[in-house]
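> Would you mind keeping the following structure in view while I ask a few things?
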Amino acid sequence: MKISGRLIDIHQRRILDADIYVSKGKIGKIERRGNKNDNYIMPGLIDAHIHIESSMLTPAAFAMAAVPHGTIGVVSDPHEIANVLGIRGIDYMIEDSMRVPFKFWFGAPSCVPATGFETSGGKIEAADIEKLIKRKDIKYLSEMMNFPAVTGGETDSMVKIEAAKKEGKRIDGHAPGLSGDELRRYVNAGISTDHECSTMREAQEKISLGMKILLREGSAARNLDALKDLFIKYPDELMMCSDDLHPEMLREAHMNRLVAKLISEGYDMFDVIRSATMNPVKHYNLDAGILREGDDADFILVDSPDKMNILETWINGEKVYDRGRTLFSHSGAKAINNFNCKKISESDIIVKNEHCKFRVIEAFDGELITGELIHEPEEGYLIEPETGQDILKIVVKDRYNDAPPAVGFIRGFKLQNGAFGSSVAHDSHNIIAVGTNNRDIVTAINEIVSLTGGMAVANGTEKHSLKLDVAGIMSTKPCSEVASEYEMLTQKVKNLGCKMSAPFMTLSFMALLVIPELKLSDRGLFDGKRFLPVPLFVK
């Protein structure tokens with residue numbers, strides 16, 4: 001089979017008119033040709049770090065949504081479903097992924113649960129990692145989020161790291177804001193990447209110590225603009241990733257949007273394309289072709305590099321997308337779950353006024369990092385939300401047991417009415433909700449309990465929801481359907497006054513203890529800087 005076009009040669013840094021001959025899934029020969037062709041041929045795109053679960057799609061459904069954007073594979077950390085179902089969840093992701101012609105490179109989740117200060121449904125011990133990392137379908141050790149354990153040399157974390165080293169597999173990092181001697185100890189332990197940088201200074205320090213930096217542009221955390229000038233001095237040290245990408249964004253674009261943006265802004269075309277193709281292939285030793293003779297025939301045809309409209313996507317010599325049509329399908333994804341809690345009542349979430357200042361989580365649009373505010377309560381027997389001050393109530397309910405919910409307060413969402421909640425709450429995926437009053441918060445939480453996982457919006461007698469029948473975090477439906485339902489819920493939340501661009505995504509990270517500063521788990525408030533629980537009241 002012959003494919004002709006203007007070949008973007010990322011190895012020799014040139015563009016040439018060429019014929020590519022494909023045989024038995026491989027590139028047999030590349031020949032220069034004289035005739036001009038308007039279409040460009042380039043390696044297929046790779047997302048270097050993503051949690052597929054955040055798309056709310058199963059792997060097979062994700063693949064169907066990704067190939068129209070020129071994505072041929074993803075480096076995927078399945079720690080979301082592992083926190084719900086343990087190794088059984090990882091096996092589910094791998095089994096579902098094998099049903100479609102797409103390249104998934106799964107990691108062994110290193111921190112399940114992420115900390116010991118929350119309740120998860122699954123647990124993966126060091127002994128489990130030693131077994132997982134030997135498997136051929138496990139490509140690397142996923143992000144080491146408990147960085148204090150690594151810098152402190154705790155046995156459990158070091159056993160996991162040594163197991164990956166023994167198998168010659170990469171170890172991903174997760175160290176927001178880590179610097180100085182602590183960062184040096186973290187890197188020296190064997191950590192090779194970081195996707196949590198938010199400033200040039202932070203990224204440059206990590207690069208200087210040998211780390212590869214993943215430029216992240218997802219639905220909640222977007223750091224590409226802050227870090228894109230790294231391409232000027234450090235192009236070989238960069239990869240690009242989504243980390244977490246909700247379905248409505250995946251429906252519209254994926255890595256192609258990032259590549260087009262950077263090239264159109266004047267960054268070196270070859271450096272940009274290499275960051276989304278060759279760099280992850282080399283770093284993780286991926287079985288993906290990068291347009292060399294003998295490689296897997298993984299490539300895409302595009303209209304132009306600065307627009308990145310995808311015409312065709314090829315994986316292992318099979319055309320999987322052709323000008324508006326995905327050429328494979330899937331059906332019959334099975335539901336799997338771990339959901340054991342009962343409904344709550346308004347009395348479960350009241351907060352008695354102790355007549356002293358209390359801590360408030362400060363959330364920011366487009367950021368996973370939060371702040372901490374100290375707020376003076378109003379007079380009264382109970383502490384209630386203050387919509388005028390944007391002080392709302394936040395609740396996290398253990399979905400694996402019938403323990404009492406944890407209650408705190410949060411600023412940044414700007415809701416004026418109602419409440420919304422979700423069982424997508426990184427990383428343990430308990431139920432999380434935020435709202436202006438107890439009645440609506442309880443209604444949203446109880447709707448999610450009734451669904452055994454999902455998302456809900458409540459405002460008086462009005463209630464809307466989306467069922468997530470796979471572990472309470474994914475749907476068995478295709479991307480278009482999930483995206484439409486999710487967009488409807490998001491608009492309902494915005495109609496209640498919320499100013500967050502992705503309210504459900506931002507909410508889902510308010511229980512992620514490993515991202516500083518202040519978060520809420522099912523057991524209470526947690527200070528991510530000091531890595532310890534803290535009380536609501538400041539006495």
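Numbering starts fresh at 1 for the residues of each chain in the structure tokens, the chains themselves are lettered A, B, ... in the order given, and ligands are numbered from 1 as they appear.
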Please produce, as JSON lines, a per-residue contact table for segment 355-402 of chain A versus segment 496-500 of chain A (criterion: any atom at most 12 Å away, only C-alpha atoms considered), showing the nearest atom pair and its distance in Å to one decimal, sorted by chain then residue number.

{"residue": "A:Ala363", "atom": "CA", "partner": "A:Met500", "partner_atom": "CA", "distance": 9.5}
{"residue": "A:Phe364", "atom": "CA", "partner": "A:Met500", "partner_atom": "CA", "distance": 8.0}
{"residue": "A:Asp365", "atom": "CA", "partner": "A:Met500", "partner_atom": "CA", "distance": 5.4}
{"residue": "A:Gly366", "atom": "CA", "partner": "A:Met500", "partner_atom": "CA", "distance": 7.9}
{"residue": "A:Glu367", "atom": "CA", "partner": "A:Met500", "partner_atom": "CA", "distance": 10.4}
{"residue": "A:Thr387", "atom": "CA", "partner": "A:Gly497", "partner_atom": "CA", "distance": 10.2}
{"residue": "A:Gly388", "atom": "CA", "partner": "A:Gly497", "partner_atom": "CA", "distance": 11.8}
{"residue": "A:Asp390", "atom": "CA", "partner": "A:Cys498", "partner_atom": "CA", "distance": 10.2}
{"residue": "A:Leu392", "atom": "CA", "partner": "A:Cys498", "partner_atom": "CA", "distance": 11.3}
> Mind writing the picked residues with C-alpha atoms as an mmCIF file, in the first residue's frame?

data_model
loop_
_atom_site.group_PDB
_atom_site.id
_atom_site.type_symbol
_atom_site.label_atom_id
_atom_site.label_comp_id
_atom_site.auth_asym_id
_atom_site.auth_seq_id
_atom_site.Cartn_x
_atom_site.Cartn_y
_atom_site.Cartn_z
ATOM 1 C CA ALA A 363 -10.288 27.273 44.830
ATOM 2 C CA PHE A 364 -9.036 28.819 41.595
ATOM 3 C CA ASP A 365 -10.356 28.414 38.066
ATOM 4 C CA GLY A 366 -8.071 26.251 35.931
ATOM 5 C CA GLU A 367 -5.859 25.235 38.856
ATOM 6 C CA THR A 387 -23.191 33.456 49.302
ATOM 7 C CA GLY A 388 -22.467 37.178 49.533
ATOM 8 C CA ASP A 390 -18.708 33.319 48.337
ATOM 9 C CA LEU A 392 -20.034 27.761 50.408
#
> Write out as a list in words the residues lying within 9 Å of Glu125 of chain A, counting only C-alpha atoms and excluding same-chain residues fewer than 5 positions away.
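The residues that qualify are Ser110, Cys111, Val112, Glu130, Asp156 and Lys160 of chain A.
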> The selected residues should be written to file as a CSV table (one decimal), in the first residue's frame (atoms: C-alpha atoms).

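Full text of out.csv as output:
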chain,number,residue,atom,x,y,z
A,110,SER,CA,2.1,3.6,42.7
A,111,CYS,CA,-0.1,5.4,45.3
A,112,VAL,CA,-3.4,3.6,45.9
A,130,GLU,CA,6.4,-6.0,42.4
A,156,ASP,CA,7.0,1.1,51.0
A,160,LYS,CA,8.0,0.1,44.6
> Enumerate the residues of segment 210-456 of chain A with a DSSP assignment of alpha helix (DSSP H), computed from the backbone, and present them as JSON, numbers by chain.
{"A": [224, 225, 226, 227, 230, 231, 232, 233, 247, 248, 249, 250, 251, 252, 255, 256, 257, 258, 259, 260, 261, 262, 263, 264, 269, 270, 271, 272, 273, 274, 275, 278, 279, 280, 281, 282, 283, 284, 438, 439, 440, 441, 442, 443, 444, 445, 446, 447, 448, 449, 450, 451]}
> With distances taken over only C-alpha atoms, which residue among A:Gly28, A:Gly122, A:Pro247, A:Gly73 lies nearest Pro478 of chain A?
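So, comparing all the options, the nearest one is A:Pro247.
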> Neighbouring residues of Leu520 of chain A were defined as those with any atom within 12 Å, considering only C-alpha atoms; residues of the same chain fewer than 5 positions away were excluded. Please report them as a VMD selection string.
chain A and resid 117 to 119 359 to 363 370 372 393 to 398 405 to 410 425 to 428 430 to 434 507 to 515 525 to 528 532 to 536
> Would you return as a list in words the members of segment 104-144 of chain A that DSSP assigns to strand (DSSP E or B) on this structure's backbone?
Phe104, Trp105, Phe106, Gly107, Ala108, Ile138, Lys139, Tyr140, Leu141, Ser142, Glu143 and Met144 of chain A
> List the spatial neighbours of segment 484-494 of chain A as a ChimeraX atom specification - criterion: any atom at most 9 Å away, only C-alpha atoms, same-chain residues fewer than 5 positions off excluded.
/A:246-248,415,418-420,455-458,464-466,479,499-504
> Residues of segment 95-188 of chain A that approach segment 290-307 of chain A to 12 Å or less, counting only C-alpha atoms: could you list each one with the shortest pair of atoms and its distance in Å to one decimal, rows by chain and increasing residue number, as a Markdown table?

| residue | atom | partner | partner_atom | distance |
| --- | --- | --- | --- | --- |
| A:Pro101 | CA | A:Asp298 | CA | 11.1 |
| A:Phe102 | CA | A:Asp298 | CA | 10.0 |
| A:Lys103 | CA | A:Asp298 | CA | 9.8 |
> Find, counting only C-alpha atoms, the residue in A:Ser275, A:Thr151, A:Asn337, A:Ser423 that gets nearest to Lys212 of chain A.
A:Ser275
> Pick from A:Met42, A:Ile383, A:Met98, A:Leu245: nearest to Val351 of chain A, with only C-alpha atoms counted?
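The closest residue to Val351 of chain A is A:Ile383.
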> Return the single residue from A:Lys334, A:Lys233, A:His283, A:Lys136 that is closest to Tyr267 of chain A, with distances computed using only C-alpha atoms.
A:Lys233
> Between A:Glu95, A:Arg33, A:Ile213, A:Asp244, which has the minimum distance to Asp77 of chain A (counting only C-alpha atoms)?
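Going through A:Glu95, A:Arg33, A:Ile213, A:Asp244 one by one, the smallest distance to Asp77 of chain A is for A:Asp244.
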> Name all residues at most 9 Å from Tyr92 of chain A (count only C-alpha atoms; drop same-chain ones fewer than 4 positions away) and give them as a list in words.
Ile81, Ile87, Arg88, Asp96, Ser97 and Ile336 of chain A
> Keeping C-alpha atoms, export the residues of the selection given above as a PDB file, in the first residue's frame.

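And here's again.pdb as it stands now:
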ATOM      1  CA  ILE A  81     -10.212   3.038  38.847  1.00  0.00           C
ATOM      2  CA  ILE A  87      -6.024  -4.525  40.577  1.00  0.00           C
ATOM      3  CA  ARG A  88      -9.430  -5.677  39.331  1.00  0.00           C
ATOM      4  CA  ASP A  96     -11.512  -3.127  27.430  1.00  0.00           C
ATOM      5  CA  SER A  97      -8.586  -1.455  25.636  1.00  0.00           C
ATOM      6  CA  ILE A 336     -18.284  -2.785  37.184  1.00  0.00           C
TER       7      ILE A 336
END
